[in-house]
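**Student:** entry07.cif (mmCIF, C-alpha atoms) pasted underneath:
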data_start
#
loop_
_atom_site.label_atom_id
_atom_site.label_comp_id
_atom_site.auth_asym_id
_atom_site.auth_seq_id
_atom_site.Cartn_x
_atom_site.Cartn_y
_atom_site.Cartn_z
CA MET I 263 -0.96 17.07 13.28
CA ALA I 264 0.88 14.81 15.70
CA ARG I 265 4.38 13.47 15.13
CA VAL I 266 4.40 9.70 15.57
CA TYR I 267 7.39 7.37 15.49
CA VAL I 268 6.51 3.89 14.26
CA GLY I 269 8.63 0.75 14.49
CA LEU I 270 8.30 -1.53 11.46
CA GLY I 271 9.31 -5.17 11.19
CA SER I 272 8.85 -8.12 8.86
CA ASN I 273 10.28 -11.63 8.75
CA LEU I 274 7.99 -13.40 6.28
CA GLY I 275 7.79 -13.04 2.51
CA ARG I 276 9.34 -10.04 0.81
CA ARG I 277 10.46 -8.34 4.00
CA ALA I 278 11.90 -5.08 2.67
CA GLU I 279 8.96 -4.60 0.32
CA ALA I 280 6.56 -5.11 3.23
CA ILE I 281 8.20 -2.23 5.12
CA GLN I 282 7.83 0.04 2.07
CA GLU I 283 4.24 -1.04 1.49
CA ALA I 284 3.29 -0.33 5.10
CA CYS I 285 4.65 3.21 4.76
CA GLU I 286 2.74 3.70 1.52
CA ARG I 287 -0.46 2.48 3.18
CA MET I 288 -0.02 4.94 6.07
CA VAL I 289 0.37 7.77 3.56
CA ALA I 290 -2.66 6.58 1.58
CA ARG I 291 -4.73 6.96 4.75
CA GLY I 292 -3.65 10.52 5.39
CA ALA I 293 -0.31 10.34 7.20
CA THR I 294 2.63 12.38 5.98
CA LEU I 295 5.90 10.45 5.89
CA VAL I 296 8.57 12.68 7.43
CA ALA I 297 11.47 10.21 7.65
CA LEU I 298 12.25 6.54 7.10
CA SER I 299 15.34 4.94 8.58
CA PRO I 300 17.65 2.62 6.71
CA LEU I 301 16.68 -1.04 6.89
CA TYR I 302 18.38 -3.47 9.26
CA GLU I 303 18.43 -7.24 9.23
CA THR I 304 18.07 -8.50 12.78
CA GLU I 305 18.12 -11.75 14.66
CA PRO I 306 14.70 -12.75 16.03
CA TRP I 307 13.84 -11.59 19.52
CA GLY I 308 11.47 -13.42 21.87
CA LEU I 309 10.99 -16.59 19.83
CA VAL I 310 14.39 -17.23 18.32
CA ASN I 311 13.55 -20.21 16.09
CA GLN I 312 12.17 -18.20 13.17
CA PRO I 313 13.45 -16.24 10.13
CA ARG I 314 15.42 -13.04 10.57
CA PHE I 315 13.61 -9.73 10.57
CA ILE I 316 13.98 -6.59 8.57
CA ASN I 317 13.44 -3.65 10.92
CA ALA I 318 13.10 0.08 10.39
CA ALA I 319 11.55 3.14 12.01
CA CYS I 320 9.63 5.98 10.47
CA ALA I 321 8.35 9.36 11.55
CA VAL I 322 4.90 10.30 10.32
CA GLU I 323 2.61 13.20 10.95
CA VAL I 324 -0.97 12.11 11.51
CA PRO I 325 -4.29 13.90 12.06
CA TRP I 326 -5.56 11.18 14.40
CA PRO I 327 -5.43 10.72 18.18
CA PRO I 328 -3.40 7.80 19.57
CA LEU I 329 -6.10 5.10 19.73
CA GLU I 330 -7.31 5.88 16.22
CA THR I 331 -3.72 5.73 15.00
CA LEU I 332 -3.36 2.31 16.62
CA HIS I 333 -6.59 1.17 14.94
CA ILE I 334 -5.31 2.31 11.53
CA LEU I 335 -1.94 0.57 11.98
CA LYS I 336 -3.61 -2.68 13.04
CA ARG I 337 -5.93 -2.47 10.02
CA ILE I 338 -2.88 -2.05 7.74
CA GLU I 339 -1.31 -5.13 9.33
CA ARG I 340 -4.46 -7.18 8.66
CA GLU I 341 -4.78 -5.90 5.09
CA MET I 342 -1.18 -6.94 4.44
CA GLY I 343 -1.90 -10.46 5.63
CA ARG I 344 -0.95 -10.48 9.29
CA ALA I 345 -3.02 -13.00 11.19
CA PRO I 346 -3.16 -13.66 14.93
CA ALA I 347 -0.22 -15.88 15.92
CA ALA I 348 2.20 -16.60 18.74
CA ARG I 349 3.51 -13.60 20.66
CA TYR I 350 6.85 -12.51 19.12
CA GLY I 351 6.32 -15.08 16.37
CA PRO I 352 6.82 -14.73 12.61
CA ARG I 353 4.82 -12.00 10.86
CA ILE I 354 4.54 -10.43 7.46
CA ILE I 355 4.39 -6.96 9.04
CA ASP I 356 4.51 -5.50 12.52
CA LEU I 357 3.72 -1.84 13.16
CA ASP I 358 4.29 -0.45 16.66
CA ILE I 359 3.69 3.07 17.92
CA LEU I 360 6.95 3.91 19.66
CA LEU I 361 6.37 7.56 20.51
CA PHE I 362 3.45 9.91 19.90
CA ASP I 363 4.43 13.57 20.24
CA ARG I 364 5.59 13.90 23.84
CA ILE I 365 2.69 12.11 25.44
CA HIS I 366 2.74 9.40 28.06
CA LEU I 367 -0.36 7.22 27.78
CA VAL I 368 -1.32 3.96 29.47
CA THR I 369 -4.58 2.22 28.56
CA ASP I 370 -5.60 -1.41 28.34
CA ARG I 371 -5.06 -1.25 24.53
CA LEU I 372 -2.08 1.06 24.15
CA THR I 373 0.97 2.20 26.09
CA ILE I 374 3.01 5.15 24.83
CA PRO I 375 5.99 5.26 24.85
CA HIS I 376 6.21 1.64 23.69
CA PRO I 377 7.06 -0.30 26.86
CA GLY I 378 9.80 -2.49 25.35
CA MET I 379 11.53 0.01 23.11
CA LEU I 380 14.36 0.98 25.47
CA ASP I 381 15.55 -2.63 25.79
CA ARG I 382 15.72 -3.39 22.07
CA ALA I 383 18.50 -2.34 19.75
CA THR I 384 16.25 -3.48 16.90
CA VAL I 385 14.05 -0.49 17.77
CA LEU I 386 16.58 2.06 19.03
CA LEU I 387 19.14 1.74 16.21
CA PRO I 388 16.75 2.64 13.36
CA LEU I 389 15.01 5.22 15.55
CA ALA I 390 18.37 6.87 16.29
CA ASP I 391 18.98 7.15 12.53
CA ILE I 392 15.99 9.48 12.18
CA ALA I 393 15.63 11.01 15.66
CA ALA I 394 18.78 10.57 17.74
CA ASP I 395 18.16 13.75 19.73
CA LEU I 396 14.49 13.02 20.38
CA VAL I 397 13.85 13.02 24.13
CA HIS I 398 11.93 10.11 25.63
CA PRO I 399 8.99 11.72 27.48
CA VAL I 400 9.32 9.48 30.54
CA THR I 401 13.09 9.15 31.06
CA GLY I 402 14.13 12.60 29.87
CA ARG I 403 17.06 11.04 27.97
CA ASN I 404 17.42 11.12 24.21
CA ILE I 405 17.34 8.13 21.88
CA ARG I 406 21.12 8.25 21.31
CA GLU I 407 21.72 7.99 25.07
CA HIS I 408 19.37 5.03 25.37
CA LEU I 409 21.07 3.29 22.46
CA GLN I 410 24.51 3.85 24.01
CA ALA I 411 23.25 2.48 27.32
CA LEU I 412 22.63 -0.90 25.65
CA GLY I 413 26.38 -1.38 25.24
CA GLU I 414 27.70 -3.66 22.52
CA ILE I 415 25.10 -4.38 19.87
CA THR I 416 25.13 -7.72 18.07
CA GLY I 417 22.79 -9.50 15.69
CA ILE I 418 21.99 -6.38 13.66
CA ALA I 419 23.40 -5.41 10.27
CA PRO I 420 22.49 -2.94 7.53
CA TYR I 421 20.23 -4.45 4.87
CA PRO I 422 21.44 -5.22 2.30
CA PRO I 423 23.97 -6.93 2.58
CA GLY I 424 22.74 -8.28 5.89
CA LEU I 425 24.13 -10.71 8.40
CA PRO I 426 26.28 -13.71 7.53
CA PRO I 427 24.37 -16.93 6.78
CA GLN I 428 22.77 -18.64 9.75
CA CYS I 429 24.54 -21.74 11.07
#
Written as structure tokens, how would this file's structure read?
**Tutor:**
Amino acid sequence: MARVYVGLGSNLGRRAEAIQEACERMVARGATLVALSPLYETEPWGLVNQPRFINAACAVEVPWPPLETLHILKRIEREMGRAPAARYGPRIIDLDILLFDRIHLVTDRLTIPHPGMLDRATVLLPLADIAADLVHPVTGRNIREHLQALGEITGIAPYPPGLPPQC
């Protein structure tokens, strides 16, 4: 079994329930849920004119290799109603492989570790809740250190109660 860290996000529909459902669907396919972070409400990243996200991270143990794991996560997204749309646009569910054991993998379909994870508090904060001491296989620094390197974090709040109303 491989230990995989997955980033979860949703900004359409019943956001928190979508995160829970995605975890349940992973388990139904044979993954073992090891840990699930608290939920965070976050400002959109990339395309900012869209609803706020709920973000989380989970650790799962899976019997599949990386590309099969990606295939399963993308199938879960489609089953939950995610359709092709604008990059960084609104979505009912987003499942990203952040880390997969200690491997470093670059293919045309998948890059592990996730290439944008170290720049995004929306990924590092929930990941630090479940794996703060986990060492990034490329940088050699742990998740806590990467989170601290981001400096002041804004636009993220525990969910519920969430962020103040948008202006």
**Student:** With all atoms listed in the file as the counted atoms, please give the residues lying no more than 9 Å from I:Met342, apart from itself and same-chain residues fewer than 3 positions off, as number ranges by chain.
**Tutor:** I: 280, 283-284, 337-339, 354-355
**Student:** Run through the PyMOL selection byres ((chain I and resi 380) around 12) on the given coordinates and return the selected residues as a PDB file with C-alpha atoms, in the coordinates of the input.
**Tutor:**
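Generated file (part.pdb):
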ATOM      1  CA  LEU I 360       6.950   3.910  19.660  1.00  0.00           C
ATOM      2  CA  LEU I 361       6.370   7.560  20.510  1.00  0.00           C
ATOM      3  CA  PRO I 375       5.990   5.260  24.850  1.00  0.00           C
ATOM      4  CA  HIS I 376       6.210   1.640  23.690  1.00  0.00           C
ATOM      5  CA  PRO I 377       7.060  -0.300  26.860  1.00  0.00           C
ATOM      6  CA  GLY I 378       9.800  -2.490  25.350  1.00  0.00           C
ATOM      7  CA  MET I 379      11.530   0.010  23.110  1.00  0.00           C
ATOM      8  CA  ASP I 381      15.550  -2.630  25.790  1.00  0.00           C
ATOM      9  CA  ARG I 382      15.720  -3.390  22.070  1.00  0.00           C
ATOM     10  CA  ALA I 383      18.500  -2.340  19.750  1.00  0.00           C
ATOM     11  CA  THR I 384      16.250  -3.480  16.900  1.00  0.00           C
ATOM     12  CA  VAL I 385      14.050  -0.490  17.770  1.00  0.00           C
ATOM     13  CA  LEU I 386      16.580   2.060  19.030  1.00  0.00           C
ATOM     14  CA  LEU I 387      19.140   1.740  16.210  1.00  0.00           C
ATOM     15  CA  LEU I 389      15.010   5.220  15.550  1.00  0.00           C
ATOM     16  CA  ALA I 390      18.370   6.870  16.290  1.00  0.00           C
ATOM     17  CA  HIS I 398      11.930  10.110  25.630  1.00  0.00           C
ATOM     18  CA  VAL I 400       9.320   9.480  30.540  1.00  0.00           C
ATOM     19  CA  THR I 401      13.090   9.150  31.060  1.00  0.00           C
ATOM     20  CA  ARG I 403      17.060  11.040  27.970  1.00  0.00           C
ATOM     21  CA  ASN I 404      17.420  11.120  24.210  1.00  0.00           C
ATOM     22  CA  ILE I 405      17.340   8.130  21.880  1.00  0.00           C
ATOM     23  CA  ARG I 406      21.120   8.250  21.310  1.00  0.00           C
ATOM     24  CA  GLU I 407      21.720   7.990  25.070  1.00  0.00           C
ATOM     25  CA  HIS I 408      19.370   5.030  25.370  1.00  0.00           C
ATOM     26  CA  LEU I 409      21.070   3.290  22.460  1.00  0.00           C
ATOM     27  CA  GLN I 410      24.510   3.850  24.010  1.00  0.00           C
ATOM     28  CA  ALA I 411      23.250   2.480  27.320  1.00  0.00           C
ATOM     29  CA  LEU I 412      22.630  -0.900  25.650  1.00  0.00           C
TER      30      LEU I 412
END
**Student:** With 12 Å as the threshold, what does the neighbourhood of (-0.8, 18.8, 11.2) contain in terms of residues, counting all atoms listed in the file? Coordinates are those of the file; answer as a list in words.
**Tutor:**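 Collected hits near the coordinates: Met263, Ala264, Arg265, Val266, Gly292, Ala293, Thr294, Leu295, Val296, Val322, Glu323, Val324, Pro325, Trp326, Pro327 and Asp363 of chain I.
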**Student:** Rounded to one decimal, what separation in Å do you get between atom CA of I:Ala347 and atom CA of I:Asp370?
**Tutor:**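 We find that atom CA of I:Ala347 and atom CA of I:Asp370 lie 19.8 Å from each other.
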**Student:** Smallest atom-to-atom distance to I:Ala278: which of I:Arg291, I:Pro420, I:Arg371, I:Arg364, using all atoms listed in the file?
**Tutor:**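 Looking only at the distances to I:Ala278, the closest residue turns out to be I:Pro420.
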**Student:** Please complete stretch 345-361 of chain I with N, CA and C atoms and give it back as a PDB file, keeping the file's coordinate frame.
**Tutor:**
ATOM      1  N   ALA I 345      -1.961 -12.276  10.493  1.00  0.00           N
ATOM      2  CA  ALA I 345      -3.020 -13.000  11.190  1.00  0.00           C
ATOM      3  C   ALA I 345      -2.578 -13.212  12.639  1.00  0.00           C
ATOM      4  N   PRO I 346      -3.536 -13.377  13.542  1.00  0.00           N
ATOM      5  CA  PRO I 346      -3.160 -13.660  14.930  1.00  0.00           C
ATOM      6  C   PRO I 346      -2.241 -14.890  15.001  1.00  0.00           C
ATOM      7  N   ALA I 347      -1.203 -14.785  15.805  1.00  0.00           N
ATOM      8  CA  ALA I 347      -0.220 -15.880  15.920  1.00  0.00           C
ATOM      9  C   ALA I 347       0.456 -15.777  17.280  1.00  0.00           C
ATOM     10  N   ALA I 348       1.460 -16.588  17.475  1.00  0.00           N
ATOM     11  CA  ALA I 348       2.200 -16.600  18.740  1.00  0.00           C
ATOM     12  C   ALA I 348       2.843 -15.254  19.002  1.00  0.00           C
ATOM     13  N   ARG I 349       2.852 -14.849  20.270  1.00  0.00           N
ATOM     14  CA  ARG I 349       3.510 -13.600  20.660  1.00  0.00           C
ATOM     15  C   ARG I 349       4.982 -13.669  20.257  1.00  0.00           C
ATOM     16  N   TYR I 350       5.471 -12.622  19.620  1.00  0.00           N
ATOM     17  CA  TYR I 350       6.850 -12.510  19.120  1.00  0.00           C
ATOM     18  C   TYR I 350       7.150 -13.496  18.002  1.00  0.00           C
ATOM     19  N   GLY I 351       6.124 -14.106  17.433  1.00  0.00           N
ATOM     20  CA  GLY I 351       6.320 -15.080  16.370  1.00  0.00           C
ATOM     21  C   GLY I 351       6.487 -14.425  15.015  1.00  0.00           C
ATOM     22  N   PRO I 352       6.631 -15.239  13.967  1.00  0.00           N
ATOM     23  CA  PRO I 352       6.820 -14.730  12.610  1.00  0.00           C
ATOM     24  C   PRO I 352       5.619 -13.887  12.169  1.00  0.00           C
ATOM     25  N   ARG I 353       5.904 -12.860  11.363  1.00  0.00           N
ATOM     26  CA  ARG I 353       4.820 -12.000  10.860  1.00  0.00           C
ATOM     27  C   ARG I 353       5.253 -11.306   9.586  1.00  0.00           C
ATOM     28  N   ILE I 354       4.274 -11.104   8.729  1.00  0.00           N
ATOM     29  CA  ILE I 354       4.540 -10.430   7.460  1.00  0.00           C
ATOM     30  C   ILE I 354       4.806  -8.942   7.686  1.00  0.00           C
ATOM     31  N   ILE I 355       4.151  -8.368   8.696  1.00  0.00           N
ATOM     32  CA  ILE I 355       4.390  -6.960   9.040  1.00  0.00           C
ATOM     33  C   ILE I 355       4.022  -6.740  10.500  1.00  0.00           C
ATOM     34  N   ASP I 356       4.778  -5.895  11.135  1.00  0.00           N
ATOM     35  CA  ASP I 356       4.510  -5.500  12.520  1.00  0.00           C
ATOM     36  C   ASP I 356       4.700  -3.995  12.576  1.00  0.00           C
ATOM     37  N   LEU I 357       3.682  -3.296  13.043  1.00  0.00           N
ATOM     38  CA  LEU I 357       3.720  -1.840  13.160  1.00  0.00           C
ATOM     39  C   LEU I 357       3.455  -1.469  14.607  1.00  0.00           C
ATOM     40  N   ASP I 358       4.418  -0.824  15.252  1.00  0.00           N
ATOM     41  CA  ASP I 358       4.290  -0.450  16.660  1.00  0.00           C
ATOM     42  C   ASP I 358       4.447   1.053  16.820  1.00  0.00           C
ATOM     43  N   ILE I 359       3.521   1.668  17.539  1.00  0.00           N
ATOM     44  CA  ILE I 359       3.690   3.070  17.920  1.00  0.00           C
ATOM     45  C   ILE I 359       4.766   3.109  18.995  1.00  0.00           C
ATOM     46  N   LEU I 360       5.861   3.782  18.697  1.00  0.00           N
ATOM     47  CA  LEU I 360       6.950   3.910  19.660  1.00  0.00           C
ATOM     48  C   LEU I 360       6.754   5.154  20.515  1.00  0.00           C
ATOM     49  N   LEU I 361       6.563   6.276  19.850  1.00  0.00           N
ATOM     50  CA  LEU I 361       6.370   7.560  20.510  1.00  0.00           C
ATOM     51  C   LEU I 361       5.289   8.336  19.761  1.00  0.00           C
TER      52      LEU I 361
END
